[in-house]
>>> print(open('input-v7.pdb').read())   # PDB, C-alpha atoms
ATOM      1  CA  MET A   1      48.395 109.397  65.130
ATOM      2  CA  ASN A   2      48.296 107.977  61.626
ATOM      3  CA  HIS A   3      51.690 107.793  60.011
ATOM      4  CA  LYS A   4      53.615 106.137  57.212
ATOM      5  CA  PRO A   5      56.207 103.384  57.764
ATOM      6  CA  LEU A   6      59.223 104.708  59.653
ATOM      7  CA  HIS A   7      61.873 102.701  57.801
ATOM      8  CA  GLU A   8      60.666 103.746  54.347
ATOM      9  CA  ALA A   9      60.210 107.347  55.457
ATOM     10  CA  MET A  10      63.903 107.632  56.326
ATOM     11  CA  LEU A  11      65.173 105.624  53.373
ATOM     12  CA  ASN A  12      63.233 107.773  50.905
ATOM     13  CA  ALA A  13      64.349 110.980  52.632
ATOM     14  CA  VAL A  14      68.020 110.001  52.368
ATOM     15  CA  ARG A  15      67.644 108.855  48.769
ATOM     16  CA  GLN A  16      65.905 112.035  47.659
ATOM     17  CA  THR A  17      68.407 114.262  49.456
ATOM     18  CA  LEU A  18      71.571 112.557  48.220
ATOM     19  CA  GLU A  19      70.289 112.169  44.671
ATOM     20  CA  ASN A  20      69.401 115.862  44.467
ATOM     21  CA  MET A  21      72.312 117.353  46.351
ATOM     22  CA  ALA A  22      75.186 115.020  45.543
ATOM     23  CA  PHE A  23      73.925 113.086  42.504
ATOM     24  CA  MET A  24      74.475 109.847  44.439
ATOM     25  CA  GLU A  25      72.305 106.787  44.685
ATOM     26  CA  ILE A  26      71.689 105.286  48.096
ATOM     27  CA  MET A  27      71.151 101.650  49.012
ATOM     28  CA  GLU A  28      71.133  99.397  52.047
ATOM     29  CA  GLY A  29      74.667  98.964  53.394
ATOM     30  CA  ASP A  30      76.601  96.388  55.393
ATOM     31  CA  GLN A  31      74.567  95.948  58.586
ATOM     32  CA  ASP A  32      77.629  94.778  60.552
ATOM     33  CA  TYR A  33      79.838  97.749  59.668
ATOM     34  CA  GLU A  34      80.583 100.301  62.385
ATOM     35  CA  ILE A  35      82.238 103.624  61.536
ATOM     36  CA  PRO A  36      85.559 103.707  63.451
ATOM     37  CA  VAL A  37      85.240 106.131  66.369
ATOM     38  CA  ASP A  38      88.207 108.308  65.366
ATOM     39  CA  GLU A  39      87.041 108.536  61.742
ATOM     40  CA  ALA A  40      83.416 109.493  62.350
ATOM     41  CA  ALA A  41      81.932 112.849  61.377
ATOM     42  CA  TRP A  42      78.403 113.346  62.665
ATOM     43  CA  THR A  43      75.703 115.861  63.324
ATOM     44  CA  SER A  44      72.367 115.755  65.119
ATOM     45  CA  MET A  45      69.058 117.569  65.138
ATOM     46  CA  LEU A  46      66.212 117.628  67.628
ATOM     47  CA  ILE A  47      62.606 116.987  66.703
ATOM     48  CA  HIS A  48      60.478 119.120  69.015
ATOM     49  CA  ASP A  49      56.931 118.450  67.880
ATOM     50  CA  PRO A  50      54.575 116.508  67.475
ATOM     51  CA  VAL A  51      56.929 113.793  68.770
ATOM     52  CA  GLN A  52      60.147 114.360  70.651
ATOM     53  CA  GLY A  53      63.315 112.814  69.383
ATOM     54  CA  GLU A  54      66.609 113.262  67.652
ATOM     55  CA  VAL A  55      68.019 112.304  64.267
ATOM     56  CA  ARG A  56      71.722 111.885  63.601
ATOM     57  CA  LEU A  57      73.744 111.508  60.431
ATOM     58  CA  ALA A  58      77.208 109.942  60.577
ATOM     59  CA  MET A  59      79.823 109.020  58.014
ATOM     60  CA  PRO A  60      83.597 108.613  57.885
ATOM     61  CA  LYS A  61      85.386 111.978  57.563
ATOM     62  CA  ALA A  62      86.926 110.825  54.277
ATOM     63  CA  VAL A  63      83.456 110.243  52.835
ATOM     64  CA  LEU A  64      82.315 113.660  54.015
ATOM     65  CA  LYS A  65      85.337 115.238  52.342
ATOM     66  CA  LYS A  66      84.571 113.453  49.077
ATOM     67  CA  LEU A  67      80.911 114.493  49.252
ATOM     68  CA  THR A  68      81.906 118.087  49.939
ATOM     69  CA  GLY A  69      84.223 118.067  46.932
ATOM     70  CA  ASN A  70      81.443 116.658  44.725
ATOM     71  CA  ILE A  71      78.852 119.149  45.913
ATOM     72  CA  PHE A  72      81.016 122.294  45.851
ATOM     73  CA  GLY A  73      82.979 121.163  42.786
ATOM     74  CA  LEU A  74      86.318 121.435  44.616
ATOM     75  CA  ASN A  75      89.521 119.414  44.732
ATOM     76  CA  GLU A  76      90.190 117.722  48.066
ATOM     77  CA  ASP A  77      93.061 120.114  48.904
ATOM     78  CA  GLU A  78      90.733 123.115  48.467
ATOM     79  CA  ILE A  79      88.079 121.897  50.912
ATOM     80  CA  THR A  80      87.823 123.638  54.277
ATOM     81  CA  GLU A  81      86.509 122.208  57.525
ATOM     82  CA  ASN A  82      83.759 124.867  57.536
ATOM     83  CA  GLN A  83      82.507 123.631  54.171
ATOM     84  CA  MET A  84      82.499 120.032  55.406
ATOM     85  CA  ASN A  85      80.611 121.018  58.556
ATOM     86  CA  ASP A  86      78.092 123.035  56.557
ATOM     87  CA  ILE A  87      77.493 120.186  54.112
ATOM     88  CA  ILE A  88      76.831 117.539  56.775
ATOM     89  CA  ASN A  89      74.515 119.941  58.631
ATOM     90  CA  GLU A  90      72.569 120.845  55.496
ATOM     91  CA  LEU A  91      72.317 117.191  54.459
ATOM     92  CA  LEU A  92      70.809 116.295  57.831
ATOM     93  CA  ASN A  93      68.569 119.379  57.812
ATOM     94  CA  THR A  94      67.122 118.310  54.467
ATOM     95  CA  ILE A  95      66.918 114.617  55.382
ATOM     96  CA  ALA A  96      65.178 115.349  58.698
ATOM     97  CA  GLY A  97      62.576 117.563  57.036
ATOM     98  CA  LEU A  98      61.806 115.005  54.363
ATOM     99  CA  PHE A  99      61.759 112.218  56.962
ATOM    100  CA  MET A 100      59.078 114.014  58.970
ATOM    101  CA  THR A 101      57.153 114.967  55.824
ATOM    102  CA  ASN A 102      57.243 111.327  54.694
ATOM    103  CA  LEU A 103      56.367 110.028  58.139
ATOM    104  CA  LEU A 104      53.489 112.251  59.202
ATOM    105  CA  PRO A 105      50.055 112.866  57.707
ATOM    106  CA  ASP A 106      49.846 115.863  55.337
ATOM    107  CA  GLU A 107      47.885 118.042  57.755
ATOM    108  CA  GLN A 108      50.325 117.434  60.621
ATOM    109  CA  GLU A 109      52.755 120.312  61.257
ATOM    110  CA  TYR A 110      56.084 119.584  62.920
ATOM    111  CA  GLN A 111      58.894 121.530  64.459
ATOM    112  CA  LEU A 112      62.590 120.803  64.101
ATOM    113  CA  GLY A 113      65.655 122.252  65.821
ATOM    114  CA  LEU A 114      68.855 123.366  64.150
ATOM    115  CA  PRO A 115      71.641 120.919  63.254
ATOM    116  CA  GLU A 116      74.442 120.636  65.799
ATOM    117  CA  LEU A 117      77.806 119.106  64.971
ATOM    118  CA  GLY A 118      78.879 116.220  67.163
ATOM    119  CA  GLU A 119      82.048 117.048  69.050
ATOM    120  CA  GLU A 120      82.291 113.855  71.102
ATOM    121  CA  GLU A 121      82.062 110.202  70.134
ATOM    122  CA  LEU A 122      78.807 109.103  68.524
ATOM    123  CA  PRO A 123      76.270 108.290  71.270
ATOM    124  CA  GLU A 124      75.734 104.606  71.914
ATOM    125  CA  VAL A 125      72.775 102.936  70.284
ATOM    126  CA  ASP A 126      70.180 102.153  72.955
ATOM    127  CA  THR A 127      66.779 100.462  72.814
ATOM    128  CA  ASP A 128      65.107 103.758  71.845
ATOM    129  CA  THR A 129      67.305 104.176  68.781
ATOM    130  CA  ILE A 130      66.750 102.919  65.248
ATOM    131  CA  VAL A 131      69.722 102.722  62.888
ATOM    132  CA  TRP A 132      69.748 102.838  59.097
ATOM    133  CA  LYS A 133      73.068 101.541  57.745
ATOM    134  CA  LEU A 134      73.123 102.755  54.177
ATOM    135  CA  MET A 135      75.767 103.211  51.531
ATOM    136  CA  THR A 136      76.286 105.273  48.416
ATOM    137  CA  SER A 137      76.662 103.798  44.938
ATOM    138  CA  ASP A 138      80.445 104.080  45.545
ATOM    139  CA  GLU A 139      79.907 101.767  48.550
ATOM    140  CA  GLU A 140      80.698 104.564  51.008
ATOM    141  CA  PRO A 141      78.890 104.135  54.353
ATOM    142  CA  LEU A 142      76.271 106.565  55.557
ATOM    143  CA  HIS A 143      74.507 105.891  58.863
ATOM    144  CA  LEU A 144      71.295 107.482  60.137
ATOM    145  CA  PHE A 145      69.936 107.226  63.664
ATOM    146  CA  ALA A 146      66.539 108.157  65.053
ATOM    147  CA  SER A 147      66.102 108.151  68.808
ATOM    148  CA  GLY A 148      63.550 109.145  71.414
ATOM    149  CA  ALA A 149      60.790 106.984  72.812
ATOM    150  CA  SER A 150      57.848 108.834  71.219
ATOM    151  CA  LEU A 151      59.519 108.959  67.795
ATOM    152  CA  VAL A 152      60.643 105.349  67.819
ATOM    153  CA  ALA A 153      57.202 104.268  69.069
ATOM    154  CA  LEU A 154      55.846 105.193  65.622
ATOM    155  CA  LYS A 155      57.655 102.117  64.333
ATOM    156  CA  SER A 156      55.271  99.745  66.042
ATOM    157  CA  ASN A 157      51.973 101.706  65.809
TER     158      ASN A 157
ATOM    159  CA  MET B   1      69.565 144.091  36.704
ATOM    160  CA  LYS B   2      67.422 142.216  39.225
ATOM    161  CA  ARG B   3      68.507 142.089  42.833
ATOM    162  CA  ILE B   4      67.726 138.956  44.860
ATOM    163  CA  ILE B   5      68.260 138.326  48.577
ATOM    164  CA  ILE B   6      68.988 134.737  49.615
ATOM    165  CA  ALA B   7      68.609 134.127  53.342
ATOM    166  CA  ASP B   8      69.835 130.810  54.717
ATOM    167  CA  ASP B   9      72.230 130.026  57.549
ATOM    168  CA  SER B  10      73.805 127.301  55.416
ATOM    169  CA  ALA B  11      76.350 128.316  52.760
ATOM    170  CA  THR B  12      75.613 124.997  51.056
ATOM    171  CA  ALA B  13      71.908 125.771  50.797
ATOM    172  CA  ARG B  14      72.634 129.274  49.460
ATOM    173  CA  MET B  15      74.972 127.791  46.865
ATOM    174  CA  PHE B  16      72.256 125.346  45.710
ATOM    175  CA  ILE B  17      69.717 128.150  45.408
ATOM    176  CA  ILE B  18      72.138 130.334  43.431
ATOM    177  CA  ARG B  19      72.965 127.412  41.111
ATOM    178  CA  CYS B  20      69.255 126.893  40.463
ATOM    179  CA  LEU B  21      68.761 130.610  39.758
ATOM    180  CA  GLN B  22      71.679 130.582  37.334
ATOM    181  CA  ILE B  23      70.336 127.511  35.529
ATOM    182  CA  ILE B  24      66.899 129.063  35.046
ATOM    183  CA  GLY B  25      68.347 132.218  33.533
ATOM    184  CA  LEU B  26      68.818 134.545  36.492
ATOM    185  CA  GLY B  27      72.616 134.347  36.495
ATOM    186  CA  ASP B  28      72.876 138.074  35.772
ATOM    187  CA  ALA B  29      70.948 139.027  38.888
ATOM    188  CA  GLU B  30      72.802 140.489  41.850
ATOM    189  CA  MET B  31      72.635 137.849  44.587
ATOM    190  CA  ILE B  32      72.822 139.168  48.134
ATOM    191  CA  GLU B  33      73.595 136.315  50.546
ATOM    192  CA  VAL B  34      72.602 136.657  54.197
ATOM    193  CA  GLU B  35      72.519 134.182  57.077
ATOM    194  CA  HIS B  36      69.245 134.994  58.835
ATOM    195  CA  GLY B  37      66.068 137.021  58.709
ATOM    196  CA  LYS B  38      67.425 140.066  60.504
ATOM    197  CA  GLU B  39      70.210 140.457  57.950
ATOM    198  CA  ALA B  40      67.705 139.928  55.132
ATOM    199  CA  LEU B  41      65.487 142.668  56.486
ATOM    200  CA  ALA B  42      68.427 145.063  56.806
ATOM    201  CA  ALA B  43      69.549 144.287  53.231
ATOM    202  CA  ALA B  44      66.029 144.792  51.857
ATOM    203  CA  LYS B  45      65.681 148.158  53.578
ATOM    204  CA  LYS B  46      69.091 149.336  52.397
ATOM    205  CA  GLN B  47      68.439 149.078  48.652
ATOM    206  CA  PRO B  48      65.634 148.210  46.227
ATOM    207  CA  VAL B  49      65.200 144.430  45.968
ATOM    208  CA  ASP B  50      63.148 142.420  43.458
ATOM    209  CA  LEU B  51      62.866 139.065  45.236
ATOM    210  CA  LEU B  52      63.523 137.491  48.614
ATOM    211  CA  LEU B  53      64.233 133.768  48.961
ATOM    212  CA  THR B  54      64.378 132.612  52.545
ATOM    213  CA  ASP B  55      64.895 129.480  54.567
ATOM    214  CA  LEU B  56      62.421 128.829  57.378
ATOM    215  CA  ASN B  57      64.580 127.404  60.120
ATOM    216  CA  MET B  58      67.329 129.960  60.868
ATOM    217  CA  PRO B  59      68.946 131.375  63.999
ATOM    218  CA  VAL B  60      68.410 134.996  65.154
ATOM    219  CA  MET B  61      65.274 135.558  63.025
ATOM    220  CA  ASP B  62      63.502 132.660  61.320
ATOM    221  CA  GLY B  63      61.782 132.728  57.944
ATOM    222  CA  GLU B  64      58.255 132.918  59.314
ATOM    223  CA  THR B  65      59.100 136.002  61.371
ATOM    224  CA  LEU B  66      60.834 137.495  58.345
ATOM    225  CA  VAL B  67      57.698 137.046  56.209
ATOM    226  CA  LYS B  68      55.627 138.764  58.915
ATOM    227  CA  TRP B  69      58.066 141.715  59.112
ATOM    228  CA  VAL B  70      58.249 142.125  55.338
ATOM    229  CA  LYS B  71      54.492 142.035  54.890
ATOM    230  CA  ALA B  72      53.973 144.489  57.774
ATOM    231  CA  SER B  73      56.425 147.006  56.318
ATOM    232  CA  PRO B  74      54.843 149.656  54.056
ATOM    233  CA  LYS B  75      58.143 149.856  52.164
ATOM    234  CA  LEU B  76      58.573 146.106  51.619
ATOM    235  CA  CYS B  77      55.068 144.669  51.624
ATOM    236  CA  ASP B  78      55.013 144.205  47.824
ATOM    237  CA  LEU B  79      58.323 142.310  47.776
ATOM    238  CA  PRO B  80      57.705 138.713  46.639
ATOM    239  CA  VAL B  81      58.929 136.268  49.289
ATOM    240  CA  ILE B  82      59.580 132.637  48.514
ATOM    241  CA  VAL B  83      60.150 130.352  51.477
ATOM    242  CA  ILE B  84      62.450 127.388  50.921
ATOM    243  CA  THR B  85      62.307 124.892  53.734
ATOM    244  CA  SER B  86      63.203 121.414  54.823
ATOM    245  CA  ALA B  87      60.295 121.495  57.283
ATOM    246  CA  GLY B  88      57.428 122.046  54.897
ATOM    247  CA  ASN B  89      54.121 120.251  54.572
ATOM    248  CA  PRO B  90      50.718 121.324  53.243
ATOM    249  CA  ALA B  91      49.586 122.710  56.602
ATOM    250  CA  LYS B  92      52.749 124.775  57.054
ATOM    251  CA  GLU B  93      52.610 125.910  53.444
ATOM    252  CA  ALA B  94      49.027 127.161  53.862
ATOM    253  CA  HIS B  95      50.012 129.030  57.013
ATOM    254  CA  LEU B  96      52.965 130.753  55.307
ATOM    255  CA  MET B  97      50.878 131.684  52.269
ATOM    256  CA  GLU B  98      48.304 133.188  54.608
ATOM    257  CA  LEU B  99      51.060 135.309  56.125
ATOM    258  CA  GLY B 100      51.926 136.588  52.646
ATOM    259  CA  ALA B 101      54.567 134.238  51.236
ATOM    260  CA  HIS B 102      54.391 134.085  47.441
ATOM    261  CA  ARG B 103      55.342 130.400  47.312
ATOM    262  CA  VAL B 104      56.712 127.702  49.612
ATOM    263  CA  LEU B 105      59.264 125.252  48.213
ATOM    264  CA  ASN B 106      60.607 122.146  49.874
ATOM    265  CA  LYS B 107      64.310 121.319  50.054
ATOM    266  CA  PRO B 108      66.144 119.979  48.177
ATOM    267  CA  VAL B 109      65.419 122.641  45.565
ATOM    268  CA  SER B 110      65.839 121.859  41.888
ATOM    269  CA  PRO B 111      65.917 124.071  38.779
ATOM    270  CA  PRO B 112      62.471 122.872  37.546
ATOM    271  CA  MET B 113      60.973 123.622  40.954
ATOM    272  CA  MET B 114      62.533 127.080  40.939
ATOM    273  CA  MET B 115      61.471 127.692  37.346
ATOM    274  CA  ASP B 116      57.885 126.841  38.211
ATOM    275  CA  ALA B 117      57.891 129.157  41.222
ATOM    276  CA  LEU B 118      59.565 132.055  39.423
ATOM    277  CA  ALA B 119      57.988 131.861  35.969
ATOM    278  CA  ASP B 120      56.128 135.177  36.424
ATOM    279  CA  PHE B 121      59.182 136.843  37.889
ATOM    280  CA  ILE B 122      61.420 135.794  34.976
ATOM    281  CA  GLU B 123      58.936 137.017  32.361
ATOM    282  CA  GLU B 124      58.769 140.517  33.898
TER     283      GLU B 124
END
>>> encode(input="input-v7.pdb", output="structure tokens")
Amino acid sequence: MNHKPLHEAMLNAVRQTLENMAFMEIMEGDQDYEIPVDEAAWTSMLIHDPVQGEVRLAMPKAVLKKLTGNIFGLNEDEITENQMNDIINELLNTIAGLFMTNLLPDEQEYQLGLPELGEEELPEVDTDTIVWKLMTSDEEPLHLFASGASLVALKSN
Amino acid sequence: MKRIIIADDSATARMFIIRCLQIIGLGDAEMIEVEHGKEALAAAKKQPVDLLLTDLNMPVMDGETLVKWVKASPKLCDLPVIVITSAGNPAKEAHLMELGAHRVLNKPVSPPMMMDALADFIEE
């Protein structure tokens, strides 16, 4: 299968999504930074076809709250958990779609699942996972993960 | 007053669509927000509607099924349907247009994108 570079596909998807939805610029972040386990908010989405995999978006809860306030135009004390959950899901939904559009040839259709909020700790990064450690222009961390052997294999094709 | 149905399981996505509609001059329209295709169909059958904007990937009834139902209904078949999706590409777009969608827009939506898609609708 012909495809475009995996790293750029994700980076451009995140940039386009955050610039349009939250008016935020995105850049490469600190590659050594790990989001503390008890502060992480994350969501995941399955890719069903033509490759099988999963994409995840994670950020500290405080960053998600700030993003939610920016997007909905609310003060922090007005923000509900439902709004925060909906924002992170919709961000990933949009990022995942753009990622696949950027990655695959124009004539290639693809099928995605629905976003699902992470209730447990973020899954560990294994050899079939690629991580993008990004940050906003306010230097707030934003991490993306793509996993699944057939998806990650596109990196080296 | 125009009546517009916005079908998306995400409140955030619906808010973005409504903001775009307001910016392009449709702020006076009655916006009916629903969370999936089945609710959209029920709302469209209940009262006259001028436009249906729908997401593709939704629980209960997805956007593609909704387009098929609308276009198969003698009462609703003339209703313009615009699909707004995060999972769009030229092949998918062609398929949805073949089913009867008026336009297919990719998320994230923007006012210029919406203006371009709805130019005819606004002029009416």
>>> interface_residues(input="input-v7.pdb", of="chain B", to="chain A", cutoff="9 Å", atoms="only C-alpha atoms", output="PyMOL selection string")
chain B and resi 10-13+15-16+57-59+85-92+106-110
>>> resolve_selection(input="input-v7.pdb", expression="the PyMOL selection byres ((chain B and resi 45) around 12)", output="short mmCIF file (atom, residue, chain, number, x, y, z; two decimals) with C-alpha atoms, in the coordinates of the input")
data_model
loop_
_atom_site.label_atom_id
_atom_site.label_comp_id
_atom_site.auth_asym_id
_atom_site.auth_seq_id
_atom_site.Cartn_x
_atom_site.Cartn_y
_atom_site.Cartn_z
CA ILE B 5 68.26 138.33 48.58
CA LYS B 38 67.42 140.07 60.50
CA GLU B 39 70.21 140.46 57.95
CA ALA B 40 67.70 139.93 55.13
CA LEU B 41 65.49 142.67 56.49
CA ALA B 42 68.43 145.06 56.81
CA ALA B 43 69.55 144.29 53.23
CA ALA B 44 66.03 144.79 51.86
CA LYS B 46 69.09 149.34 52.40
CA GLN B 47 68.44 149.08 48.65
CA PRO B 48 65.63 148.21 46.23
CA VAL B 49 65.20 144.43 45.97
CA ASP B 50 63.15 142.42 43.46
CA LEU B 52 63.52 137.49 48.61
CA TRP B 69 58.07 141.72 59.11
CA VAL B 70 58.25 142.12 55.34
CA SER B 73 56.42 147.01 56.32
CA PRO B 74 54.84 149.66 54.06
CA LYS B 75 58.14 149.86 52.16
CA LEU B 76 58.57 146.11 51.62
CA CYS B 77 55.07 144.67 51.62
CA LEU B 79 58.32 142.31 47.78
#
>>> closest_residue(input="input-v7.pdb", among="B:Met31, B:Arg19, B:Leu99, B:Leu26", to="B:Ile6", atoms="only C-alpha atoms")
B:Met31
>>> atom_distance(input="input-v7.pdb", atom1="atom CA of A:Leu57", atom2="atom CA of A:Asp138")
17.9 Å
>>> atom_distance(input="input-v7.pdb", atom1="atom CA of B:Gln22", atom2="atom CA of B:Pro111")
8.8 Å
>>> atom_distance(input="input-v7.pdb", atom1="atom CA of A:Leu151", atom2="atom CA of A:Glu8")
14.5 Å
>>> residues_around(input="input-v7.pdb", residues="stretch 31-43 of chain A", least_positions_apart="5", cutoff="7 Å", atoms="all atoms listed in the file", output="PDB file with C-alpha atoms, keeping the file's coordinate frame")
ATOM      1  CA  ARG A  56      71.722 111.885  63.601  1.00  0.00           C
ATOM      2  CA  LEU A  57      73.744 111.508  60.431  1.00  0.00           C
ATOM      3  CA  ALA A  58      77.208 109.942  60.577  1.00  0.00           C
ATOM      4  CA  MET A  59      79.823 109.020  58.014  1.00  0.00           C
ATOM      5  CA  PRO A  60      83.597 108.613  57.885  1.00  0.00           C
ATOM      6  CA  LYS A  61      85.386 111.978  57.563  1.00  0.00           C
ATOM      7  CA  ILE A  88      76.831 117.539  56.775  1.00  0.00           C
ATOM      8  CA  ASN A  89      74.515 119.941  58.631  1.00  0.00           C
ATOM      9  CA  PRO A 115      71.641 120.919  63.254  1.00  0.00           C
ATOM     10  CA  GLU A 116      74.442 120.636  65.799  1.00  0.00           C
ATOM     11  CA  LEU A 117      77.806 119.106  64.971  1.00  0.00           C
ATOM     12  CA  GLY A 118      78.879 116.220  67.163  1.00  0.00           C
ATOM     13  CA  GLU A 121      82.062 110.202  70.134  1.00  0.00           C
ATOM     14  CA  LYS A 133      73.068 101.541  57.745  1.00  0.00           C
TER      15      LYS A 133
END
>>> closest_residue(input="input-v7.pdb", among="B:Ile18, B:Leu56, B:Met61, B:Ile4", to="B:Pro80", atoms="only C-alpha atoms")
B:Ile4
>>> resolve_selection(input="input-v7.pdb", expression="the PyMOL selection byres ((chain A and resi 128) around 7)", output="compact mmCIF listing (two decimals) with C-alpha atoms, in the frame of the given file")
# COMPACT_ATOMS: atom_id res chain seq x y z
CA ASP A 126 70.18 102.15 72.96
CA THR A 127 66.78 100.46 72.81
CA THR A 129 67.31 104.18 68.78
CA ILE A 130 66.75 102.92 65.25
CA SER A 147 66.10 108.15 68.81
CA GLY A 148 63.55 109.14 71.41
CA ALA A 149 60.79 106.98 72.81
CA VAL A 152 60.64 105.35 67.82
>>> resolve_selection(input="input-v7.pdb", expression="the PyMOL selection byres ((chain A and resi 11) around 9)", output="compact mmCIF listing (two decimals) with C-alpha atoms, in the frame of the given file")
# COMPACT_ATOMS: atom_id res chain seq x y z
CA LEU A 6 59.22 104.71 59.65
CA HIS A 7 61.87 102.70 57.80
CA GLU A 8 60.67 103.75 54.35
CA ALA A 9 60.21 107.35 55.46
CA MET A 10 63.90 107.63 56.33
CA ASN A 12 63.23 107.77 50.90
CA ALA A 13 64.35 110.98 52.63
CA VAL A 14 68.02 110.00 52.37
CA ARG A 15 67.64 108.86 48.77
CA GLN A 16 65.90 112.04 47.66
CA ILE A 26 71.69 105.29 48.10
CA MET A 27 71.15 101.65 49.01
CA GLU A 28 71.13 99.40 52.05
CA PHE A 99 61.76 112.22 56.96
CA TRP A 132 69.75 102.84 59.10
CA LEU A 134 73.12 102.76 54.18
>>> closest_residue(input="input-v7.pdb", among="A:Gly29, A:Met135, A:Ala22, A:Pro141", to="A:Gly73", atoms="all atoms listed in the file")
A:Ala22
>>> axis_aligned_box(input="input-v7.pdb", around="stretch 14-18 of chain B", padding_each_side="5 Å", output="lines of an AutoDock Vina configuration file")
center_x = 72.3
center_y = 127.8
center_z = 46.4
size_x = 15.3
size_y = 15.0
size_z = 16.0
